[in-house]
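For reference, the structure is listed below as structure tokens.
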Amino acid sequence: MDPTLATDLARLPDLLDATRHAAAENLATLHTRPVIPPATPLTPEPLPEHGSGTEATLAAFRHRWAPRLSASAGPRYLGFVTGGATPAALAGDWLTAVHDQNSNSALDGAGQDLERETVTWLRDLFGLGPAHTGTFVSGATMSNTAGLAIAREWLGERAGVSPSDDGAAALGPVRVLSGAPHSSIAKALSLLGLGRNALVAVPTLPGREAVDPAALDRALADFPGPAVVVANAGTVNTVDFDDLRAVAALKARHDFWLHTDAAFGAFAALSPEHAHLTAGLDASDSVCVDLHKWLNVPYDSAVQFTRRRDLQARVFQNAAAYLGPLGDHPDLVHLTPENSHRLRALAAWFTLRAYGRRGHREIVERDIACARAFGADLAGDQAFAVLAPVRLNVVCFTLADEPTPARLTALREAVGREVFVTPTVYRGTAALRAAFSNWRTTEADARRAAQALRTAARELV
């Protein structure tokens with residue numbers, strides 16, 4: 001054994017304690033550190049010929065890289081839709097690395113059994129029925145891709161061909177209809193060989209990002225034959241929801257696969273005040289939910305649900321002598337693009353077991369309250385315009401005067417130490433978006449972030 005490696009093995013408990021100390025110090029300072037530290041590019045160092053061991057490497061990381069990393073786990077990182085890691089999720093993720101399971105095969109099956117238990121909990125959390133089965137994937141993009149891959153196979157079933165065997169070209173022209181799809185939908189269509197041009201934009205309701213069910217009805221009639229409909233349960237800019245029950249009701253007149261992108265909107269089901277937004281989610285043929293958003297587990301973690309596990313296995317089956325057969329309950333290796341993945345489910349299992357439905361409901365409802373407080377503070381300032389109702393946990397806003405991309409960039413950079421928000425465009429207007437999904441965020445954080453923006457706006461030239 002390499003001498004340095006042997007020394008680290010002998011000192012492993014002490015090294016883990018040192019790592020724990022560094023981690024605790026980092027987490028304890030999240031409230032006070034710059035949310036986005038100033039950019040200071042570094043010249044890459046060469047790979048060392050002789051390693052320095054874990055202790056020296058930890059010290060080098062803390063000096064060279066840790067001060068340059070954002071406080072994305074903290075309460076005022078409001079960019080994208082980023083959760084943190086609850087204490088239980090953090091413990092689960094650490095133990096994921098400790099046990100280092102490849103949870104894809106019944107030959108070593110405890111990991112995939114744990115994943116199935118966790119998926120059942122998540123299915124119940126989101127109000128899905130037993131007809132839905134689920135698997136863990138790396139994020140919403142892969143969850144959407146998996147759902148649309150199953151939809152592609154369903155189209156083949158309708159046409160009497162198998163795209164998984166014969167290629168997407170066997171299908172001929174494909175239509176994927178949606179009102180305000182996330183960018184990952186077009187990316188998935190490109191990856192699946194269906195093409196970005198297969199995506200057909202359907203008109204949305206006036207002043208909304210929700211699809212117009214009547215317009216969708218007409219669009220389906222204009223394209224006879226099986227189609228795919230991508231519904232939204234929480235759009236990126238304004239967290240608008242399609243009327244999922246109305247969309248599903250169109251199946252009585254049209255033949256289509258219903259995929260619902262509920263990346264973070266599915267968590268509305270936890271709040272009695274907002275659960276109506278997800279009514280009809282169970283009617284979906286496939287569902288995307290991203291867990292490293294509002295479940296507050298570490299990146300990368302999402303879940304994909306479907307009613308047609310048989311088609312899912314047809315797409316992703318992997319034949320090798322060391323793998324189990326498909327059967328009625330296929331191993332996870334036959335259900336996702338990955339032949340191997342870490343035990344992602346463990347962090348989710350930990351946080352669900354530790355805090356239950358009630359604890360995660362409190363996180364969701366507190367974040368919604370923070371978004372409302374943040375939106376109200378900006379709406380009360382003449383320097384800002386809030387562009388849409390605060391329906392859930394996202395505030396879409398802009399400068400009231402001259403909302404150019406350059407001015408909004410200047411505003412974002414001016415408040416980077418206090419708050420991080422991301423740029424967007426809403427109905428042709430350059431805007432900013434603040435998403436509240438971190439378990440640490442309080443109303444005091446929301447008001448501190450709003451005050452930082454208001455102060456910076458007054459100083460813009």
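Each chain of the structure tokens is named A, B, ... in the order shown, its residues numbered from 1; ligands are numbered from 1 in display order.
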
Shell around stretch 124-126 of chain A at 7 Å using only C-alpha atoms, local window under 4 positions removed, as a ChimeraX atom specification: /A:120,266-267,269

In stretch 57-293 of chain A, DSSP alpha helix (DSSP H) residues written as number ranges by chain: A: 57-64, 87-99, 110-125, 140-159, 163-166, 183-191, 213-222, 244-249, 291-293

Could you write those residues out with C-alpha atoms, as a PDB file, in the first residue's frame?
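Dumped to out_3.pdb:
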ATOM      1  CA  THR A  57      -5.119  18.299   1.585  1.00  0.00           C
ATOM      2  CA  LEU A  58      -7.955  19.386   3.879  1.00  0.00           C
ATOM      3  CA  ALA A  59      -5.885  22.394   4.920  1.00  0.00           C
ATOM      4  CA  ALA A  60      -5.150  23.217   1.275  1.00  0.00           C
ATOM      5  CA  PHE A  61      -8.832  23.012   0.391  1.00  0.00           C
ATOM      6  CA  ARG A  62      -9.810  25.306   3.264  1.00  0.00           C
ATOM      7  CA  HIS A  63      -7.213  27.843   2.172  1.00  0.00           C
ATOM      8  CA  ARG A  64      -7.513  27.636  -1.620  1.00  0.00           C
ATOM      9  CA  PRO A  87     -29.168  17.935   9.430  1.00  0.00           C
ATOM     10  CA  ALA A  88     -30.625  14.482   8.847  1.00  0.00           C
ATOM     11  CA  ALA A  89     -30.042  14.654   5.080  1.00  0.00           C
ATOM     12  CA  LEU A  90     -26.437  15.674   5.704  1.00  0.00           C
ATOM     13  CA  ALA A  91     -25.942  12.709   8.021  1.00  0.00           C
ATOM     14  CA  GLY A  92     -27.528  10.413   5.456  1.00  0.00           C
ATOM     15  CA  ASP A  93     -25.324  11.749   2.681  1.00  0.00           C
ATOM     16  CA  TRP A  94     -22.165  11.268   4.743  1.00  0.00           C
ATOM     17  CA  LEU A  95     -23.204   7.680   5.441  1.00  0.00           C
ATOM     18  CA  THR A  96     -23.950   7.215   1.743  1.00  0.00           C
ATOM     19  CA  ALA A  97     -20.249   7.739   1.085  1.00  0.00           C
ATOM     20  CA  VAL A  98     -19.266   5.607   4.087  1.00  0.00           C
ATOM     21  CA  HIS A  99     -21.271   2.594   2.909  1.00  0.00           C
ATOM     22  CA  ALA A 110     -30.390  -3.982   0.525  1.00  0.00           C
ATOM     23  CA  GLY A 111     -29.665  -0.663  -1.170  1.00  0.00           C
ATOM     24  CA  GLN A 112     -32.399  -0.981  -3.750  1.00  0.00           C
ATOM     25  CA  ASP A 113     -34.820  -2.189  -1.072  1.00  0.00           C
ATOM     26  CA  LEU A 114     -34.080   0.994   0.876  1.00  0.00           C
ATOM     27  CA  GLU A 115     -34.660   3.018  -2.291  1.00  0.00           C
ATOM     28  CA  ARG A 116     -38.018   1.335  -2.906  1.00  0.00           C
ATOM     29  CA  GLU A 117     -39.127   2.083   0.657  1.00  0.00           C
ATOM     30  CA  THR A 118     -38.105   5.730   0.238  1.00  0.00           C
ATOM     31  CA  VAL A 119     -39.912   6.002  -3.102  1.00  0.00           C
ATOM     32  CA  THR A 120     -43.080   4.688  -1.442  1.00  0.00           C
ATOM     33  CA  TRP A 121     -42.814   7.412   1.207  1.00  0.00           C
ATOM     34  CA  LEU A 122     -42.336  10.056  -1.484  1.00  0.00           C
ATOM     35  CA  ARG A 123     -45.250   8.736  -3.514  1.00  0.00           C
ATOM     36  CA  ASP A 124     -47.485   9.101  -0.467  1.00  0.00           C
ATOM     37  CA  LEU A 125     -46.065  12.540   0.301  1.00  0.00           C
ATOM     38  CA  ALA A 140     -35.007  17.094 -12.758  1.00  0.00           C
ATOM     39  CA  THR A 141     -33.387  17.038 -16.192  1.00  0.00           C
ATOM     40  CA  MET A 142     -32.792  13.299 -15.992  1.00  0.00           C
ATOM     41  CA  SER A 143     -36.221  12.764 -14.443  1.00  0.00           C
ATOM     42  CA  ASN A 144     -37.876  14.585 -17.337  1.00  0.00           C
ATOM     43  CA  THR A 145     -35.694  12.689 -19.784  1.00  0.00           C
ATOM     44  CA  ALA A 146     -36.655   9.332 -18.276  1.00  0.00           C
ATOM     45  CA  GLY A 147     -40.350  10.243 -18.339  1.00  0.00           C
ATOM     46  CA  LEU A 148     -40.193  11.304 -21.966  1.00  0.00           C
ATOM     47  CA  ALA A 149     -38.202   8.173 -22.869  1.00  0.00           C
ATOM     48  CA  ILE A 150     -41.080   6.100 -21.496  1.00  0.00           C
ATOM     49  CA  ALA A 151     -43.502   8.310 -23.431  1.00  0.00           C
ATOM     50  CA  ARG A 152     -41.459   7.648 -26.572  1.00  0.00           C
ATOM     51  CA  GLU A 153     -41.859   3.907 -26.044  1.00  0.00           C
ATOM     52  CA  TRP A 154     -45.599   4.393 -25.487  1.00  0.00           C
ATOM     53  CA  LEU A 155     -45.829   6.164 -28.832  1.00  0.00           C
ATOM     54  CA  GLY A 156     -44.076   3.167 -30.352  1.00  0.00           C
ATOM     55  CA  GLU A 157     -46.548   0.822 -28.703  1.00  0.00           C
ATOM     56  CA  ARG A 158     -49.371   2.769 -30.337  1.00  0.00           C
ATOM     57  CA  ALA A 159     -47.639   2.605 -33.721  1.00  0.00           C
ATOM     58  CA  PRO A 163     -38.104   2.912 -30.583  1.00  0.00           C
ATOM     59  CA  SER A 164     -35.831   1.305 -27.993  1.00  0.00           C
ATOM     60  CA  ASP A 165     -35.003  -1.409 -30.534  1.00  0.00           C
ATOM     61  CA  ASP A 166     -35.493   0.342 -33.873  1.00  0.00           C
ATOM     62  CA  SER A 183     -35.780  24.254 -20.792  1.00  0.00           C
ATOM     63  CA  SER A 184     -34.894  20.687 -19.811  1.00  0.00           C
ATOM     64  CA  ILE A 185     -37.825  19.398 -21.880  1.00  0.00           C
ATOM     65  CA  ALA A 186     -36.268  20.550 -25.154  1.00  0.00           C
ATOM     66  CA  LYS A 187     -32.908  19.198 -23.989  1.00  0.00           C
ATOM     67  CA  ALA A 188     -34.500  15.809 -23.275  1.00  0.00           C
ATOM     68  CA  LEU A 189     -36.151  15.711 -26.696  1.00  0.00           C
ATOM     69  CA  SER A 190     -32.790  16.367 -28.310  1.00  0.00           C
ATOM     70  CA  LEU A 191     -31.139  13.627 -26.270  1.00  0.00           C
ATOM     71  CA  PRO A 213     -57.044  23.813 -21.726  1.00  0.00           C
ATOM     72  CA  ALA A 214     -59.280  24.882 -24.628  1.00  0.00           C
ATOM     73  CA  ALA A 215     -56.239  25.757 -26.721  1.00  0.00           C
ATOM     74  CA  LEU A 216     -54.669  22.417 -25.816  1.00  0.00           C
ATOM     75  CA  ASP A 217     -57.876  20.666 -26.863  1.00  0.00           C
ATOM     76  CA  ARG A 218     -57.717  22.388 -30.262  1.00  0.00           C
ATOM     77  CA  ALA A 219     -54.006  21.655 -30.676  1.00  0.00           C
ATOM     78  CA  LEU A 220     -54.562  17.958 -30.008  1.00  0.00           C
ATOM     79  CA  ALA A 221     -57.385  17.927 -32.556  1.00  0.00           C
ATOM     80  CA  ASP A 222     -55.116  19.592 -35.132  1.00  0.00           C
ATOM     81  CA  LEU A 244     -54.021  19.103 -14.176  1.00  0.00           C
ATOM     82  CA  ARG A 245     -57.535  17.732 -13.879  1.00  0.00           C
ATOM     83  CA  ALA A 246     -58.690  19.661 -16.941  1.00  0.00           C
ATOM     84  CA  VAL A 247     -55.670  18.499 -18.921  1.00  0.00           C
ATOM     85  CA  ALA A 248     -56.196  14.865 -17.891  1.00  0.00           C
ATOM     86  CA  ALA A 249     -59.883  15.117 -18.806  1.00  0.00           C
ATOM     87  CA  LEU A 291     -35.561  16.402  -4.368  1.00  0.00           C
ATOM     88  CA  HIS A 292     -32.462  18.589  -4.043  1.00  0.00           C
ATOM     89  CA  LYS A 293     -34.837  21.506  -4.262  1.00  0.00           C
TER      90      LYS A 293
END

I need the residue nearest A:Val289 from this list: A:Gly79, A:Pro272, A:Gly234, A:Pro423. Use only C-alpha atoms for the distance. A:Gly234

At most 8 Å is the cut-off: for each residue in stretch 222-249 of chain A with any atom that close to an atom of stretch 175-178 of chain A, write down the nearest atom pair and the distance in Å rounded to one decimal, counting only C-alpha atoms, chain first then increasing number, as a Markdown table.
| residue | atom | partner | partner_atom | distance |
| --- | --- | --- | --- | --- |
| A:Phe223 | CA | A:Arg175 | CA | 7.8 |
| A:Ala227 | CA | A:Arg175 | CA | 5.4 |
| A:Val228 | CA | A:Val176 | CA | 4.7 |
| A:Val229 | CA | A:Leu177 | CA | 4.8 |
| A:Val230 | CA | A:Ser178 | CA | 5.1 |
| A:Ala231 | CA | A:Ser178 | CA | 6.2 |

For stretch 277-352 of chain A against stretch 359-367 of chain A, with a cut-off of 9 Å and counting only C-alpha atoms, what is the closest atom pair and its distance in Å to one decimal for every residue that makes the cut, ordered by chain and number, as a tab-separated table?
residue	atom	partner	partner_atom	distance
A:Trp294	CA	A:Val364	CA	7.3
A:Leu295	CA	A:His360	CA	7.3
A:Thr351	CA	A:His360	CA	8.7
A:Leu352	CA	A:His360	CA	7.8

Store the residues of this selection in a file with C-alpha atoms, as a JSON list (two decimals), in the first residue's frame.
[["chain", "number", "residue", "atom", "x", "y", "z"],
["A", 294, "TRP", "CA", -37.56, 21.52, -1.64],
["A", 295, "LEU", "CA", -36.86, 18.24, 0.11],
["A", 351, "THR", "CA", -34.73, 13.46, 6.31],
["A", 352, "LEU", "CA", -38.17, 11.88, 5.80]]

My list of candidates is A:Ala431, A:Arg353, A:Gln312, A:Ile368. Which is closest to A:His132 when distances are computed with only C-alpha atoms?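 Among the listed residues, the smallest separation from A:His132 belongs to A:Gln312.
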
What parts of stretch 120-300 of chain A does DSSP call strand (DSSP E or B)? I'd like the answer as a tab-separated table (two decimals) with all heavy atoms, in the first residue's frame.
chain	number	residue	atom	x	y	z
A	133	THR	N	-44.96	3.75	-9.87
A	133	THR	CA	-43.70	3.27	-9.31
A	133	THR	C	-42.64	4.33	-9.59
A	133	THR	O	-42.79	5.14	-10.50
A	133	THR	CB	-43.28	1.93	-9.93
A	133	THR	OG1	-43.15	2.09	-11.35
A	133	THR	CG2	-44.29	0.85	-9.62
A	134	GLY	N	-41.57	4.32	-8.80
A	134	GLY	CA	-40.59	5.38	-8.94
A	134	GLY	C	-39.16	4.89	-8.81
A	134	GLY	O	-38.90	3.82	-8.25
A	135	THR	N	-38.25	5.70	-9.32
A	135	THR	CA	-36.83	5.44	-9.22
A	135	THR	C	-36.09	6.75	-9.01
A	135	THR	O	-36.53	7.80	-9.46
A	135	THR	CB	-36.29	4.77	-10.51
A	135	THR	OG1	-36.72	5.53	-11.64
A	135	THR	CG2	-36.79	3.35	-10.65
A	136	PHE	N	-34.95	6.66	-8.33
A	136	PHE	CA	-34.11	7.83	-8.11
A	136	PHE	C	-33.23	8.07	-9.33
A	136	PHE	O	-32.71	7.14	-9.94
A	136	PHE	CB	-33.23	7.64	-6.88
A	136	PHE	CG	-33.87	8.09	-5.60
A	136	PHE	CD1	-34.91	7.36	-5.04
A	136	PHE	CD2	-33.44	9.23	-4.95
A	136	PHE	CE1	-35.50	7.76	-3.86
A	136	PHE	CE2	-34.04	9.66	-3.77
A	136	PHE	CZ	-35.07	8.92	-3.22
A	137	VAL	N	-33.08	9.34	-9.68
A	137	VAL	CA	-32.17	9.77	-10.74
A	137	VAL	C	-31.42	11.00	-10.23
A	137	VAL	O	-31.60	11.43	-9.09
A	137	VAL	CB	-32.92	10.09	-12.05
A	137	VAL	CG1	-33.45	8.82	-12.69
A	137	VAL	CG2	-34.05	11.09	-11.82
A	176	VAL	N	-45.00	16.99	-29.23
A	176	VAL	CA	-44.95	17.15	-27.77
A	176	VAL	C	-45.52	18.53	-27.47
A	176	VAL	O	-44.93	19.54	-27.84
A	176	VAL	CB	-43.52	17.00	-27.23
A	176	VAL	CG1	-43.50	17.18	-25.72
A	176	VAL	CG2	-42.93	15.65	-27.63
A	177	LEU	N	-46.66	18.58	-26.83
A	177	LEU	CA	-47.39	19.83	-26.63
A	177	LEU	C	-47.24	20.31	-25.19
A	177	LEU	O	-47.33	19.53	-24.25
A	177	LEU	CB	-48.88	19.63	-26.93
A	177	LEU	CG	-49.23	18.93	-28.25
A	177	LEU	CD1	-50.73	18.73	-28.37
A	177	LEU	CD2	-48.71	19.72	-29.43
A	178	SER	N	-47.00	21.62	-25.02
A	178	SER	CA	-46.85	22.17	-23.68
A	178	SER	C	-47.07	23.67	-23.71
A	178	SER	O	-46.84	24.32	-24.73
A	178	SER	CB	-45.45	21.87	-23.12
A	178	SER	OG	-45.35	22.22	-21.76
A	199	LEU	N	-41.30	19.95	-30.12
A	199	LEU	CA	-42.02	20.68	-29.06
A	199	LEU	C	-42.90	21.75	-29.67
A	199	LEU	O	-42.43	22.65	-30.37
A	199	LEU	CB	-41.01	21.29	-28.09
A	199	LEU	CG	-41.55	21.91	-26.81
A	199	LEU	CD1	-42.35	20.90	-26.00
A	199	LEU	CD2	-40.40	22.46	-25.97
A	200	VAL	N	-44.20	21.64	-29.42
A	200	VAL	CA	-45.19	22.57	-29.96
A	200	VAL	C	-45.71	23.44	-28.82
A	200	VAL	O	-46.24	22.94	-27.82
A	200	VAL	CB	-46.37	21.81	-30.61
A	200	VAL	CG1	-47.42	22.79	-31.12
A	200	VAL	CG2	-45.86	20.92	-31.74
A	201	ALA	N	-45.55	24.76	-28.96
A	201	ALA	CA	-46.01	25.69	-27.93
A	201	ALA	C	-47.52	25.85	-28.03
A	201	ALA	O	-48.07	26.15	-29.09
A	201	ALA	CB	-45.33	27.03	-28.09
A	204	THR	N	-51.07	29.96	-23.57
A	204	THR	CA	-51.37	29.94	-22.14
A	204	THR	C	-52.53	30.87	-21.84
A	204	THR	O	-52.95	31.68	-22.67
A	204	THR	CB	-50.13	30.36	-21.32
A	204	THR	OG1	-49.69	31.65	-21.78
A	204	THR	CG2	-49.00	29.35	-21.49
A	211	VAL	N	-51.19	26.54	-19.12
A	211	VAL	CA	-51.73	26.26	-20.44
A	211	VAL	C	-53.23	26.51	-20.47
A	211	VAL	O	-53.94	26.30	-19.48
A	211	VAL	CB	-51.40	24.80	-20.84
A	211	VAL	CG1	-52.25	23.79	-20.05
A	211	VAL	CG2	-51.57	24.60	-22.34
A	227	ALA	N	-50.02	11.59	-29.11
A	227	ALA	CA	-49.11	12.71	-28.86
A	227	ALA	C	-48.63	12.61	-27.42
A	227	ALA	O	-49.04	11.75	-26.65
A	227	ALA	CB	-49.82	14.04	-29.10
A	228	VAL	N	-47.74	13.52	-27.06
A	228	VAL	CA	-47.26	13.66	-25.69
A	228	VAL	C	-47.61	15.06	-25.22
A	228	VAL	O	-47.38	16.03	-25.95
A	228	VAL	CB	-45.74	13.43	-25.59
A	228	VAL	CG1	-45.25	13.67	-24.16
A	228	VAL	CG2	-45.37	12.03	-26.06
A	229	VAL	N	-48.17	15.17	-24.04
A	229	VAL	CA	-48.46	16.46	-23.42
A	229	VAL	C	-47.58	16.60	-22.19
A	229	VAL	O	-47.54	15.70	-21.34
A	229	VAL	CB	-49.94	16.60	-23.04
A	229	VAL	CG1	-50.18	17.86	-22.20
A	229	VAL	CG2	-50.82	16.63	-24.30
A	230	VAL	N	-46.86	17.71	-22.09
A	230	VAL	CA	-46.07	18.01	-20.91
A	230	VAL	C	-46.80	19.10	-20.12
A	230	VAL	O	-46.91	20.24	-20.58
A	230	VAL	CB	-44.65	18.47	-21.27
A	230	VAL	CG1	-43.88	18.88	-20.01
A	230	VAL	CG2	-43.90	17.37	-22.02
A	231	ALA	N	-47.32	18.72	-18.98
A	231	ALA	CA	-47.99	19.67	-18.10
A	231	ALA	C	-47.01	20.21	-17.08
A	231	ALA	O	-46.00	19.58	-16.77
A	231	ALA	CB	-49.18	19.00	-17.41
A	232	ASN	N	-47.33	21.38	-16.55
A	232	ASN	CA	-46.48	22.02	-15.54
A	232	ASN	C	-47.19	22.09	-14.20
A	232	ASN	O	-48.32	22.58	-14.11
A	232	ASN	CB	-46.12	23.44	-15.98
A	232	ASN	CG	-45.12	23.44	-17.12
A	232	ASN	OD1	-44.03	22.91	-17.00
A	232	ASN	ND2	-45.51	24.02	-18.25
A	233	ALA	N	-46.51	21.61	-13.18
A	233	ALA	CA	-46.97	21.81	-11.81
A	233	ALA	C	-45.93	22.69	-11.12
A	233	ALA	O	-45.12	22.23	-10.33
A	233	ALA	CB	-47.13	20.47	-11.10
A	241	PHE	N	-49.39	26.84	-12.25
A	241	PHE	CA	-49.78	25.44	-12.39
A	241	PHE	C	-50.81	25.29	-13.48
A	241	PHE	O	-51.79	26.02	-13.53
A	241	PHE	CB	-50.40	24.91	-11.08
A	241	PHE	CG	-49.42	24.63	-9.98
A	241	PHE	CD1	-48.79	25.67	-9.31
A	241	PHE	CD2	-49.13	23.32	-9.61
A	241	PHE	CE1	-47.89	25.41	-8.28
A	241	PHE	CE2	-48.23	23.06	-8.58
A	241	PHE	CZ	-47.61	24.10	-7.93
A	256	PHE	N	-53.14	10.64	-25.74
A	256	PHE	CA	-51.84	11.23	-25.44
A	256	PHE	C	-51.28	10.71	-24.13
A	256	PHE	O	-52.01	10.26	-23.25
A	256	PHE	CB	-51.90	12.77	-25.44
A	256	PHE	CG	-52.79	13.37	-24.36
A	256	PHE	CD1	-52.29	13.68	-23.10
A	256	PHE	CD2	-54.12	13.66	-24.63
A	256	PHE	CE1	-53.09	14.26	-22.12
A	256	PHE	CE2	-54.94	14.24	-23.67
A	256	PHE	CZ	-54.43	14.54	-22.41
A	257	TRP	N	-49.97	10.78	-24.06
A	257	TRP	CA	-49.23	10.48	-22.82
A	257	TRP	C	-49.10	11.78	-22.04
A	257	TRP	O	-48.69	12.81	-22.59
A	257	TRP	CB	-47.85	9.94	-23.16
A	257	TRP	CG	-46.97	9.65	-21.97
A	257	TRP	CD1	-46.20	10.54	-21.29
A	257	TRP	CD2	-46.78	8.38	-21.34
A	257	TRP	NE1	-45.53	9.90	-20.28
A	257	TRP	CE2	-45.86	8.57	-20.28
A	257	TRP	CE3	-47.27	7.09	-21.58
A	257	TRP	CZ2	-45.44	7.53	-19.46
A	257	TRP	CZ3	-46.85	6.05	-20.75
A	257	TRP	CH2	-45.94	6.28	-19.71
A	258	LEU	N	-49.44	11.75	-20.77
A	258	LEU	CA	-49.37	12.96	-19.94
A	258	LEU	C	-48.18	12.87	-18.99
A	258	LEU	O	-48.16	12.06	-18.06
A	258	LEU	CB	-50.66	13.13	-19.13
A	258	LEU	CG	-50.69	14.31	-18.16
A	258	LEU	CD1	-50.41	15.64	-18.86
A	258	LEU	CD2	-52.04	14.37	-17.43
A	259	HIS	N	-47.17	13.69	-19.29
A	259	HIS	CA	-46.01	13.82	-18.41
A	259	HIS	C	-46.13	15.14	-17.67
A	259	HIS	O	-46.33	16.20	-18.29
A	259	HIS	CB	-44.72	13.80	-19.23
A	259	HIS	CG	-43.49	14.10	-18.40
A	259	HIS	ND1	-42.93	13.17	-17.55
A	259	HIS	CD2	-42.75	15.23	-18.27
A	259	HIS	CE1	-41.88	13.71	-16.95
A	259	HIS	NE2	-41.75	14.96	-17.36
A	260	THR	N	-46.01	15.11	-16.36
A	260	THR	CA	-46.10	16.33	-15.56
A	260	THR	C	-44.76	16.66	-14.93
A	260	THR	O	-44.18	15.85	-14.21
A	260	THR	CB	-47.18	16.22	-14.47
A	260	THR	OG1	-48.44	15.97	-15.08
A	260	THR	CG2	-47.27	17.50	-13.66
A	261	ASP	N	-44.28	17.85	-15.24
A	261	ASP	CA	-43.05	18.36	-14.64
A	261	ASP	C	-43.43	19.07	-13.35
A	261	ASP	O	-43.91	20.21	-13.36
A	261	ASP	CB	-42.37	19.32	-15.63
A	261	ASP	CG	-41.04	19.84	-15.11
A	261	ASP	OD1	-40.71	19.60	-13.94
A	261	ASP	OD2	-40.34	20.52	-15.88
A	286	SER	N	-46.48	9.96	-16.24
A	286	SER	CA	-45.14	10.06	-15.65
A	286	SER	C	-45.02	11.41	-14.97
A	286	SER	O	-45.68	12.38	-15.37
A	286	SER	CB	-44.04	9.88	-16.71
A	286	SER	OG	-44.21	10.77	-17.79
A	287	VAL	N	-44.19	11.46	-13.93
A	287	VAL	CA	-44.06	12.66	-13.10
A	287	VAL	C	-42.59	12.87	-12.76
A	287	VAL	O	-41.88	11.92	-12.42
A	287	VAL	CB	-44.88	12.54	-11.79
A	287	VAL	CG1	-44.70	13.78	-10.92
A	287	VAL	CG2	-46.35	12.29	-12.08
A	288	CYS	N	-42.15	14.11	-12.85
A	288	CYS	CA	-40.81	14.52	-12.43
A	288	CYS	C	-40.90	15.29	-11.12
A	288	CYS	O	-41.70	16.22	-11.00
A	288	CYS	CB	-40.18	15.41	-13.51
A	288	CYS	SG	-38.83	16.47	-12.94
A	289	VAL	N	-40.10	14.89	-10.13
A	289	VAL	CA	-39.96	15.65	-8.88
A	289	VAL	C	-38.48	15.74	-8.54
A	289	VAL	O	-37.78	14.72	-8.51
A	289	VAL	CB	-40.73	15.02	-7.71
A	289	VAL	CG1	-40.63	15.93	-6.48
A	289	VAL	CG2	-42.19	14.78	-8.06
A	290	ASP	N	-38.02	16.94	-8.27
A	290	ASP	CA	-36.61	17.18	-7.92
A	290	ASP	C	-36.50	17.27	-6.41
A	290	ASP	O	-37.18	18.09	-5.78
A	290	ASP	CB	-36.15	18.48	-8.58
A	290	ASP	CG	-34.66	18.51	-8.83
A	290	ASP	OD1	-33.95	17.66	-8.28
A	290	ASP	OD2	-34.21	19.38	-9.61

Pick out the closest residue to A:Asp282 from this set: A:Leu205, A:Ala56, A:Ala262, A:Thr441. Count only C-alpha atoms.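 Comparing A:Leu205, A:Ala56, A:Ala262, A:Thr441 against A:Asp282, the winner is A:Ala262.
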
Determine the nearest neighbour of A:Ala180 from the options A:Pro203, A:Pro46, A:Gly356, A:Pro34, counting only C-alpha atoms. A:Pro203

Pick out the residues sitting within 7 Å of stretch 445-448 of chain A, and hand them over as a count of residues only; count only C-alpha atoms, and ignore anything fewer than 5 positions along from it in its own chain. 5

Please indicate the distance in Å from atom CA of A:Val425 to atom CA of A:Ala388, rounded to one decimal place.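 Atom CA of A:Val425 sits 12.3 Å away from atom CA of A:Ala388.
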
The distance between atom CA of A:Asp14 and atom CA of A:Ser52 is 16.1 Å

One decimal, Å: what's the distance from atom CA of A:Leu30 over to atom CA of A:Ala73, could you say? 7.4 Å
